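Asks: Below is final.cif; it holds mmCIF, C-alpha atoms.
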data_target
loop_
_atom_site.group_PDB
_atom_site.id
_atom_site.type_symbol
_atom_site.label_atom_id
_atom_site.label_comp_id
_atom_site.auth_asym_id
_atom_site.auth_seq_id
_atom_site.Cartn_x
_atom_site.Cartn_y
_atom_site.Cartn_z
ATOM 1 C CA MET A 274 0.000 0.000 0.000
ATOM 2 C CA SER A 275 1.254 3.455 -0.892
ATOM 3 C CA ASN A 276 2.257 5.681 2.033
ATOM 4 C CA LEU A 277 1.250 8.752 0.055
ATOM 5 C CA PHE A 278 -2.056 10.545 0.485
ATOM 6 C CA ASN A 279 -5.019 9.008 -1.304
ATOM 7 C CA ALA A 280 -8.327 10.893 -1.303
ATOM 8 C CA THR A 281 -10.469 7.754 -1.619
ATOM 9 C CA ARG A 282 -8.796 6.093 1.351
ATOM 10 C CA PHE A 283 -8.935 9.354 3.310
ATOM 11 C CA PHE A 284 -12.716 9.817 2.993
ATOM 12 C CA GLY A 285 -13.258 6.110 3.553
ATOM 13 C CA LEU A 286 -11.238 6.358 6.775
ATOM 14 C CA ILE A 287 -13.339 9.333 7.916
ATOM 15 C CA ARG A 288 -16.471 7.206 7.580
ATOM 16 C CA ARG A 289 -14.828 4.226 9.259
ATOM 17 C CA GLN A 290 -13.471 6.214 12.227
ATOM 18 C CA TRP A 291 -16.886 7.683 12.911
ATOM 19 C CA ILE A 292 -18.089 4.201 13.928
ATOM 20 C CA GLY A 293 -15.652 4.044 16.829
ATOM 21 C CA PHE A 294 -14.989 7.696 17.602
ATOM 22 C CA GLY A 295 -18.511 8.977 16.978
ATOM 23 C CA ARG A 296 -19.859 7.453 20.194
ATOM 24 C CA ILE A 297 -17.274 9.248 22.351
ATOM 25 C CA TYR A 298 -17.739 12.474 20.424
ATOM 26 C CA LEU A 299 -21.551 12.502 20.618
ATOM 27 C CA MET A 300 -21.509 11.677 24.320
ATOM 28 C CA SER A 301 -18.990 14.463 24.986
ATOM 29 C CA ILE A 302 -20.797 17.117 22.954
ATOM 30 C CA GLY A 303 -24.081 16.096 24.609
ATOM 31 C CA ILE A 304 -22.597 16.619 28.079
ATOM 32 C CA ILE A 305 -21.100 19.952 27.006
ATOM 33 C CA ALA A 306 -24.462 21.107 25.621
ATOM 34 C CA GLY A 307 -26.130 20.126 28.900
ATOM 35 C CA VAL A 308 -23.599 22.098 30.938
ATOM 36 C CA ILE A 309 -24.002 25.197 28.755
ATOM 37 C CA PHE A 310 -27.795 24.934 28.900
ATOM 38 C CA GLY A 311 -27.613 24.525 32.678
ATOM 39 C CA PHE A 312 -25.522 27.667 33.164
ATOM 40 C CA TYR A 313 -27.930 29.747 31.084
ATOM 41 C CA ALA A 314 -31.023 28.266 32.735
ATOM 42 C CA VAL A 315 -29.745 28.784 36.295
ATOM 43 C CA ASN A 316 -28.649 32.370 35.642
ATOM 44 C CA LEU A 317 -31.876 33.342 33.923
ATOM 45 C CA GLY A 318 -34.091 31.497 36.396
ATOM 46 C CA SER A 319 -32.474 33.046 39.476
ATOM 47 C CA ASN A 320 -32.774 36.568 38.019
ATOM 48 C CA TYR A 321 -36.124 36.288 36.286
ATOM 49 C CA ASP A 322 -37.913 38.933 38.369
ATOM 50 C CA ASP A 323 -35.053 41.404 37.972
ATOM 51 C CA ILE A 324 -35.013 40.795 34.222
ATOM 52 C CA LYS A 325 -38.602 42.010 33.917
ATOM 53 C CA LYS A 326 -37.733 45.079 36.000
ATOM 54 C CA ASN A 327 -34.682 45.786 33.798
ATOM 55 C CA THR A 328 -32.400 45.928 36.848
ATOM 56 C CA VAL A 329 -29.926 43.231 35.756
ATOM 57 C CA TYR A 330 -26.844 44.517 33.938
ATOM 58 C CA SER A 331 -24.357 41.683 34.459
ATOM 59 C CA LEU A 332 -26.604 38.723 33.742
ATOM 60 C CA LEU A 333 -24.550 37.408 30.826
ATOM 61 C CA ASN A 334 -21.064 38.108 32.171
ATOM 62 C CA PHE A 335 -20.538 34.385 32.737
ATOM 63 C CA ARG A 336 -20.493 33.673 28.995
ATOM 64 C CA ALA A 337 -16.874 34.512 28.151
ATOM 65 C CA PRO A 338 -15.270 32.492 31.018
ATOM 66 C CA LEU A 339 -17.644 29.592 30.372
ATOM 67 C CA PHE A 340 -16.938 29.661 26.630
ATOM 68 C CA CYS A 341 -13.154 29.599 27.098
ATOM 69 C CA ILE A 342 -12.843 27.125 29.983
ATOM 70 C CA LEU A 343 -15.437 24.655 28.744
ATOM 71 C CA GLY A 344 -14.196 24.893 25.153
ATOM 72 C CA LEU A 345 -10.584 24.179 26.077
ATOM 73 C CA PHE A 346 -11.667 21.280 28.284
ATOM 74 C CA PHE A 347 -13.767 19.791 25.479
ATOM 75 C CA VAL A 348 -10.975 20.088 22.890
ATOM 76 C CA THR A 349 -8.392 18.496 25.193
ATOM 77 C CA VAL A 350 -10.681 15.582 26.123
ATOM 78 C CA ILE A 351 -11.511 14.830 22.486
ATOM 79 C CA SER A 352 -7.863 15.140 21.425
ATOM 80 C CA SER A 353 -6.575 12.920 24.206
ATOM 81 C CA SER A 354 -9.155 10.184 23.626
ATOM 82 C CA TYR A 355 -8.760 9.889 19.830
ATOM 83 C CA PHE A 356 -5.674 7.622 19.923
ATOM 84 C CA ALA A 357 -6.505 6.072 23.321
ATOM 85 C CA ASP A 358 -6.911 2.621 21.741
ATOM 86 C CA LEU A 359 -3.204 2.561 20.921
ATOM 87 C CA GLY A 360 -2.572 2.007 24.629
ATOM 88 C CA LYS A 361 -4.556 -1.263 24.560
ATOM 89 C CA LYS A 362 -2.668 -4.070 22.850
ATOM 90 C CA THR A 363 -5.582 -5.869 21.177
ATOM 91 C CA ARG A 364 -7.236 -2.686 19.943
ATOM 92 C CA ALA A 365 -3.889 -1.174 18.937
ATOM 93 C CA ILE A 366 -3.205 -4.078 16.572
ATOM 94 C CA PHE A 367 -6.632 -3.635 15.026
ATOM 95 C CA GLU A 368 -6.105 0.133 14.610
ATOM 96 C CA LEU A 369 -2.656 -0.267 13.078
ATOM 97 C CA MET A 370 -3.947 -2.827 10.576
ATOM 98 C CA ILE A 371 -6.450 -0.369 9.080
ATOM 99 C CA PRO A 372 -5.662 -0.122 5.328
ATOM 100 C CA ALA A 373 -4.592 3.516 5.268
ATOM 101 C CA SER A 374 -1.281 5.343 5.416
ATOM 102 C CA GLN A 375 -0.110 6.972 8.652
ATOM 103 C CA LEU A 376 -0.455 10.371 6.993
ATOM 104 C CA GLU A 377 -4.115 9.703 6.247
ATOM 105 C CA LYS A 378 -4.723 8.450 9.788
ATOM 106 C CA PHE A 379 -3.110 11.537 11.260
ATOM 107 C CA LEU A 380 -5.005 13.927 8.970
ATOM 108 C CA VAL A 381 -8.286 12.217 9.903
ATOM 109 C CA SER A 382 -7.397 12.684 13.574
ATOM 110 C CA LEU A 383 -6.935 16.426 12.943
ATOM 111 C CA PHE A 384 -10.224 16.526 11.054
ATOM 112 C CA TYR A 385 -12.150 15.090 14.008
ATOM 113 C CA THR A 386 -10.254 16.726 16.882
ATOM 114 C CA VAL A 387 -9.871 20.184 15.322
ATOM 115 C CA VAL A 388 -12.412 20.796 12.569
ATOM 116 C CA VAL A 389 -15.331 18.730 13.865
ATOM 117 C CA SER A 390 -14.828 19.247 17.616
ATOM 118 C CA ILE A 391 -14.162 22.998 17.547
ATOM 119 C CA GLY A 392 -16.762 23.614 14.845
ATOM 120 C CA SER A 393 -19.468 21.672 16.697
ATOM 121 C CA TYR A 394 -18.617 23.350 20.005
ATOM 122 C CA LEU A 395 -18.984 26.809 18.460
ATOM 123 C CA LEU A 396 -22.245 25.784 16.827
ATOM 124 C CA VAL A 397 -23.723 24.351 20.051
ATOM 125 C CA PHE A 398 -22.652 27.316 22.176
ATOM 126 C CA TYR A 399 -23.925 29.905 19.693
ATOM 127 C CA LEU A 400 -27.259 28.132 19.193
ATOM 128 C CA ILE A 401 -27.941 27.856 22.927
ATOM 129 C CA ASP A 402 -26.901 31.480 23.404
ATOM 130 C CA LEU A 403 -29.114 32.518 20.497
ATOM 131 C CA ALA A 404 -32.142 30.802 22.034
ATOM 132 C CA PHE A 405 -31.718 32.254 25.526
ATOM 133 C CA VAL A 406 -30.733 35.759 24.442
ATOM 134 C CA SER A 407 -33.629 35.884 21.964
ATOM 135 C CA TYR A 408 -35.955 35.045 24.859
ATOM 136 C CA LEU A 409 -34.334 37.749 27.013
ATOM 137 C CA ARG A 410 -34.752 40.348 24.298
ATOM 138 C CA SER A 411 -38.434 39.473 24.018
ATOM 139 C CA VAL A 412 -39.040 39.823 27.782
ATOM 140 C CA GLY A 413 -37.119 42.918 28.868
ATOM 141 C CA SER A 414 -35.631 46.083 27.465
ATOM 142 C CA VAL A 415 -32.704 45.543 25.144
ATOM 143 C CA VAL A 416 -31.127 48.998 25.146
ATOM 144 C CA VAL A 417 -30.499 51.371 28.057
ATOM 145 C CA ASN A 418 -29.030 54.870 28.107
ATOM 146 C CA GLU A 419 -25.903 55.394 30.184
ATOM 147 C CA VAL A 420 -24.184 58.681 31.034
ATOM 148 C CA GLN A 421 -20.415 58.509 30.676
ATOM 149 C CA SER A 422 -17.913 60.473 32.760
ATOM 150 C CA SER A 423 -17.644 63.032 29.946
ATOM 151 C CA GLY A 424 -21.341 63.758 30.268
ATOM 152 C CA GLU A 425 -22.206 62.110 26.970
ATOM 153 C CA THR A 426 -25.242 59.833 26.887
ATOM 154 C CA VAL A 427 -24.748 56.578 24.984
ATOM 155 C CA SER A 428 -27.064 53.672 24.226
ATOM 156 C CA VAL A 429 -25.866 50.294 25.480
ATOM 157 C CA ASP A 430 -27.184 46.957 24.260
ATOM 158 C CA LEU A 431 -27.553 44.911 27.436
ATOM 159 C CA TRP A 432 -28.113 41.538 25.833
ATOM 160 C CA GLN A 433 -25.981 41.115 22.756
ATOM 161 C CA TYR A 434 -25.728 37.764 21.038
ATOM 162 C CA PHE A 435 -22.425 36.155 21.924
ATOM 163 C CA PHE A 436 -21.275 35.979 18.310
ATOM 164 C CA LYS A 437 -21.678 39.767 18.073
ATOM 165 C CA VAL A 438 -19.679 40.652 21.188
ATOM 166 C CA GLN A 439 -16.543 42.672 20.447
ATOM 167 C CA TYR A 440 -13.375 41.820 22.362
ATOM 168 C CA PRO A 441 -10.059 43.705 22.664
ATOM 169 C CA GLU A 442 -7.780 43.172 19.680
ATOM 170 C CA PRO A 443 -5.045 41.344 21.690
ATOM 171 C CA ALA A 444 -7.548 38.572 22.479
ATOM 172 C CA TYR A 445 -7.561 37.466 18.851
ATOM 173 C CA TYR A 446 -3.818 36.773 18.951
ATOM 174 C CA PHE A 447 -4.528 33.896 21.351
ATOM 175 C CA CYS A 448 -6.815 31.994 19.007
ATOM 176 C CA PHE A 449 -3.985 29.490 18.581
ATOM 177 C CA VAL A 450 -4.394 28.225 22.168
ATOM 178 C CA PRO A 451 -7.071 25.549 21.500
ATOM 179 C CA ILE A 452 -5.091 24.289 18.485
ATOM 180 C CA LEU A 453 -1.895 24.161 20.530
ATOM 181 C CA LEU A 454 -3.655 22.228 23.289
ATOM 182 C CA ASN A 455 -5.029 19.896 20.634
ATOM 183 C CA ALA A 456 -1.485 19.156 19.468
ATOM 184 C CA ILE A 457 -0.224 18.573 23.027
ATOM 185 C CA PHE A 458 -3.051 16.240 24.068
ATOM 186 C CA LEU A 459 -3.023 14.441 20.724
ATOM 187 C CA LEU A 460 0.666 13.721 21.280
ATOM 188 C CA GLY A 461 -0.056 12.624 24.852
ATOM 189 C CA GLY A 462 -2.725 10.227 23.604
ATOM 190 C CA ILE A 463 -0.131 8.587 21.350
ATOM 191 C CA VAL A 464 2.798 8.537 23.784
ATOM 192 C CA TYR A 465 1.131 7.341 26.996
ATOM 193 C CA GLN A 466 -0.266 3.833 27.298
ATOM 194 C CA ASN A 467 -3.002 4.622 29.833
ATOM 195 C CA TYR A 468 -4.540 7.580 31.684
ATOM 196 C CA GLN A 469 -3.515 9.700 28.726
ATOM 197 C CA TYR A 470 -5.512 12.768 29.687
ATOM 198 C CA VAL A 471 -4.382 12.837 33.319
ATOM 199 C CA LYS A 472 -0.710 12.266 32.514
ATOM 200 C CA THR A 473 -0.691 14.874 29.749
ATOM 201 C CA ALA A 474 -2.456 17.424 31.958
ATOM 202 C CA ILE A 475 -0.007 16.857 34.827
ATOM 203 C CA PHE A 476 2.972 17.171 32.484
ATOM 204 C CA LEU A 477 1.545 20.381 30.984
ATOM 205 C CA VAL A 478 0.906 21.957 34.395
ATOM 206 C CA LEU A 479 4.397 21.073 35.661
ATOM 207 C CA TYR A 480 5.981 22.395 32.474
ATOM 208 C CA CYS A 481 4.064 25.696 32.716
ATOM 209 C CA VAL A 482 5.007 26.117 36.393
ATOM 210 C CA VAL A 483 8.707 25.478 35.709
ATOM 211 C CA TRP A 484 8.692 27.767 32.663
ATOM 212 C CA MET A 485 6.958 30.592 34.555
ATOM 213 C CA CYS A 486 9.348 30.311 37.522
ATOM 214 C CA LEU A 487 12.331 30.384 35.171
ATOM 215 C CA PHE A 488 10.902 33.361 33.291
ATOM 216 C CA VAL A 489 10.295 35.319 36.495
ATOM 217 C CA TYR A 490 13.791 34.487 37.750
ATOM 218 C CA LEU A 491 15.445 35.601 34.512
ATOM 219 C CA MET A 492 13.427 38.822 34.401
ATOM 220 C CA LYS A 493 14.343 39.571 38.000
ATOM 221 C CA THR A 494 18.062 38.998 37.463
ATOM 222 C CA GLN A 495 18.089 41.014 34.223
ATOM 223 C CA THR A 496 16.178 44.006 35.581
ATOM 224 C CA GLN A 497 17.528 44.157 39.131
ATOM 225 C CA ASP A 498 19.273 47.450 39.938
ATOM 226 C CA THR A 499 18.400 48.860 36.522
ATOM 227 C CA VAL A 500 16.426 51.930 35.529
ATOM 228 C CA GLY A 501 13.574 51.463 33.125
ATOM 229 C CA THR A 502 13.347 53.726 30.088
ATOM 230 C CA MET A 503 10.521 54.207 27.630
ATOM 231 C CA ASP A 504 12.015 53.722 24.179
ATOM 232 C CA ASN A 505 9.770 54.330 21.225
ATOM 233 C CA ASN A 506 10.859 51.195 19.388
ATOM 234 C CA TYR A 507 9.104 48.315 17.640
ATOM 235 C CA TRP A 508 8.485 46.321 20.833
ATOM 236 C CA SER A 509 6.958 49.276 22.691
ATOM 237 C CA ASP A 510 3.725 48.496 20.855
ATOM 238 C CA SER A 511 1.917 45.750 22.786
ATOM 239 C CA ASN A 512 0.254 44.478 19.599
ATOM 240 C CA HIS A 513 3.670 43.549 18.199
ATOM 241 C CA ILE A 514 4.402 41.505 21.336
ATOM 242 C CA PHE A 515 1.046 39.729 21.087
ATOM 243 C CA ALA A 516 1.678 39.061 17.392
ATOM 244 C CA LEU A 517 5.023 37.471 18.297
ATOM 245 C CA ILE A 518 3.320 35.297 20.929
ATOM 246 C CA GLY A 519 0.756 34.224 18.322
ATOM 247 C CA ALA A 520 3.459 33.377 15.785
ATOM 248 C CA VAL A 521 5.425 31.344 18.345
ATOM 249 C CA GLY A 522 2.216 29.538 19.333
ATOM 250 C CA VAL A 523 1.476 28.573 15.735
ATOM 251 C CA LEU A 524 5.064 27.389 15.234
ATOM 252 C CA LEU A 525 4.936 25.287 18.403
ATOM 253 C CA THR A 526 1.649 23.746 17.268
ATOM 254 C CA ILE A 527 3.113 22.686 13.931
ATOM 255 C CA MET A 528 6.224 21.272 15.622
ATOM 256 C CA ILE A 529 4.202 19.242 18.146
ATOM 257 C CA TRP A 530 1.955 17.950 15.355
ATOM 258 C CA ALA A 531 5.093 16.835 13.509
ATOM 259 C CA VAL A 532 6.375 15.010 16.607
ATOM 260 C CA ALA A 533 2.963 13.379 17.099
ATOM 261 C CA PHE A 534 2.981 12.169 13.496
ATOM 262 C CA LEU A 535 6.451 10.660 13.898
ATOM 263 C CA ARG A 536 5.442 8.910 17.120
ATOM 264 C CA LEU A 537 2.364 7.535 15.360
ATOM 265 C CA LYS A 538 4.598 6.108 12.630
ATOM 266 C CA GLU A 539 6.775 4.482 15.295
ATOM 267 C CA LYS A 540 3.742 2.601 16.618
ATOM 268 C CA GLU A 541 3.524 0.766 13.298
ATOM 269 C CA ILE A 542 7.091 -0.499 13.465
#
Take the structure in the file and give it back as structure tokens.
Replies:
Amino acid sequence: MSNLFNATRFFGLIRRQWIGFGRIYLMSIGIIAGVIFGFYAVNLGSNYDDIKKNTVYSLLNFRAPLFCILGLFFVTVISSSYFADLGKKTRAIFELMIPASQLEKFLVSLFYTVVVSIGSYLLVFYLIDLAFVSYLRSVGSVVVNEVQSSGETVSVDLWQYFFKVQYPEPAYYFCFVPILLNAIFLLGGIVYQNYQYVKTAIFLVLYCVVWMCLFVYLMKTQTQDTVGTMDNNYWSDSNHIFALIGAVGVLLTIMIWAVAFLRLKEKEI
């Protein structure tokens, strides 16, 4: 069998993998949808009287933290569980004997753990938000007038749909984070024989702690007994720093994907 990419085998493998992976995926996305629905229902139910009186201004502040934390958790669980069968000898033999190249198997894993998982999570979150916010907008006032410190009166939309919320520009430079975590937990699912998610999470936490301690130590030793100056150079613009962080994140993701692919090939030997 050719080790090169073959479109027919690739799409056939997508259909075949859905038989085994689809059960885990549907169960996970169902639980995630239930959690999201629960957060919205509890917040709206506990503030229902205040909603009708238009006295609730921070009702939907939970959305951004919930979206980020739950989304990252969902992506890491799906990524870690995709190659979990490789840790079980009987199932690993069956998986490795699938008539497809390692490149096709790895690309299918990215399709399910990146495209399908992230896409479905966004769809579920936005649909639930759309339903609840549409109900809110039909019950209470949508727009209120607020007086700013300058004395200017502005109209504020209290209950925007989540997909319309505007965030600070630096936030968009961190869109690589879920993809980077996908690469890390996908690699962990291949490397570790059992408890893949737990072991990968522990390794990631320890690595981040060590890296942060080292970074703080180096910054302290480099800046101790020095006088700070404000130079108007390229790095004085915070957006350039965030862009560098984003570029490094994308590069790390590609490198970890490459390592994961090589480790997957080693499993076949």
Asks: Tell me, as number ranges by chain, which residues lie within 12 Å of Asn334 (chain A), counting all atoms listed in the file; anything in the same chain fewer than 6 positions away does not count.
Replies: A: 312-313, 316-317, 340, 431-433, 435, 438
Asks: Nearest residue to Phe335 (chain A) out of A:Val348, A:Tyr385, A:Val464, A:Ile309, using all atoms listed in the file?
Replies: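 Under the stated criterion, the closest residue is A:Ile309.
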Asks: Could you spell out the hits of the PyMOL selection byres ((chain A and resi 474) around 12) on the shown file, as an MDAnalysis selection string?
Replies: chainID A and resid 346 349:350 353 454:455 457:462 465 468:473 475:481
Asks: Exactly which residues make up the result of the PyMOL selection byres ((chain A and resi 386) around 8) on this file, given as a ChimeraX atom specification?
Replies: /A:348,351-352,355,382-385,387-391,455
Asks: Kindly indicate which residue among A:Pro338, A:Gly344, A:Gly285, A:Gly318 lies nearest to Ser301 (chain A), using all atoms listed in the file for the distances.
Replies: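 Result for the nearest residue to Ser301 (chain A): A:Gly344.
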Asks: Using CA of Leu524 (chain A) and CA of Met485 (chain A) as the two end points, give the distance in Å to one decimal.
Replies: 19.7 Å
Asks: Restricting the calculation to only C-alpha atoms, which member of A:Val397, A:Ile287, A:Leu333, A:Cys448 is positioned closest to Ile305 (chain A)?
Replies: A:Val397
Asks: Selection in question (the file shown): the PyMOL selection byres ((chain A and resi 302) around 10). Which residues does it include, as a list of chain:residue names?
Replies: A:Ile297, A:Tyr298, A:Leu299, A:Met300, A:Ser301, A:Gly303, A:Ile304, A:Ile305, A:Ala306, A:Gly307, A:Val308, A:Phe347, A:Ile351, A:Ser390, A:Ser393, A:Tyr394, A:Val397
Asks: Expressed in Å to a single decimal, how great is the separation between CA of Tyr490 (chain A) and CA of Met528 (chain A)?
Replies: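 So the two atoms, CA of Tyr490 (chain A) and CA of Met528 (chain A), lie 26.9 Å apart.
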Asks: For a cut-off of 10 Å around (-4.6, 11.2, 3.0), file coordinates, pick out all residues using all atoms listed in the file and list them as an MDAnalysis selection string.
Replies: chainID A and resid 276:284 286 373:381
Asks: Store the residues picked out above in a file with C-alpha atoms, as a PDB file, in the frame of the given file.
Replies:
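again-v6.pdb, freshly written:
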ATOM      1  CA  ASN A 276       2.257   5.681   2.033  1.00  0.00           C
ATOM      2  CA  LEU A 277       1.250   8.752   0.055  1.00  0.00           C
ATOM      3  CA  PHE A 278      -2.056  10.545   0.485  1.00  0.00           C
ATOM      4  CA  ASN A 279      -5.019   9.008  -1.304  1.00  0.00           C
ATOM      5  CA  ALA A 280      -8.327  10.893  -1.303  1.00  0.00           C
ATOM      6  CA  THR A 281     -10.469   7.754  -1.619  1.00  0.00           C
ATOM      7  CA  ARG A 282      -8.796   6.093   1.351  1.00  0.00           C
ATOM      8  CA  PHE A 283      -8.935   9.354   3.310  1.00  0.00           C
ATOM      9  CA  PHE A 284     -12.716   9.817   2.993  1.00  0.00           C
ATOM     10  CA  LEU A 286     -11.238   6.358   6.775  1.00  0.00           C
ATOM     11  CA  ALA A 373      -4.592   3.516   5.268  1.00  0.00           C
ATOM     12  CA  SER A 374      -1.281   5.343   5.416  1.00  0.00           C
ATOM     13  CA  GLN A 375      -0.110   6.972   8.652  1.00  0.00           C
ATOM     14  CA  LEU A 376      -0.455  10.371   6.993  1.00  0.00           C
ATOM     15  CA  GLU A 377      -4.115   9.703   6.247  1.00  0.00           C
ATOM     16  CA  LYS A 378      -4.723   8.450   9.788  1.00  0.00           C
ATOM     17  CA  PHE A 379      -3.110  11.537  11.260  1.00  0.00           C
ATOM     18  CA  LEU A 380      -5.005  13.927   8.970  1.00  0.00           C
ATOM     19  CA  VAL A 381      -8.286  12.217   9.903  1.00  0.00           C
TER      20      VAL A 381
END
Asks: Could you check how far CA of Ile518 (chain A) sits from CA of Tyr446 (chain A), in Å to one decimal?
Replies: 7.6 Å
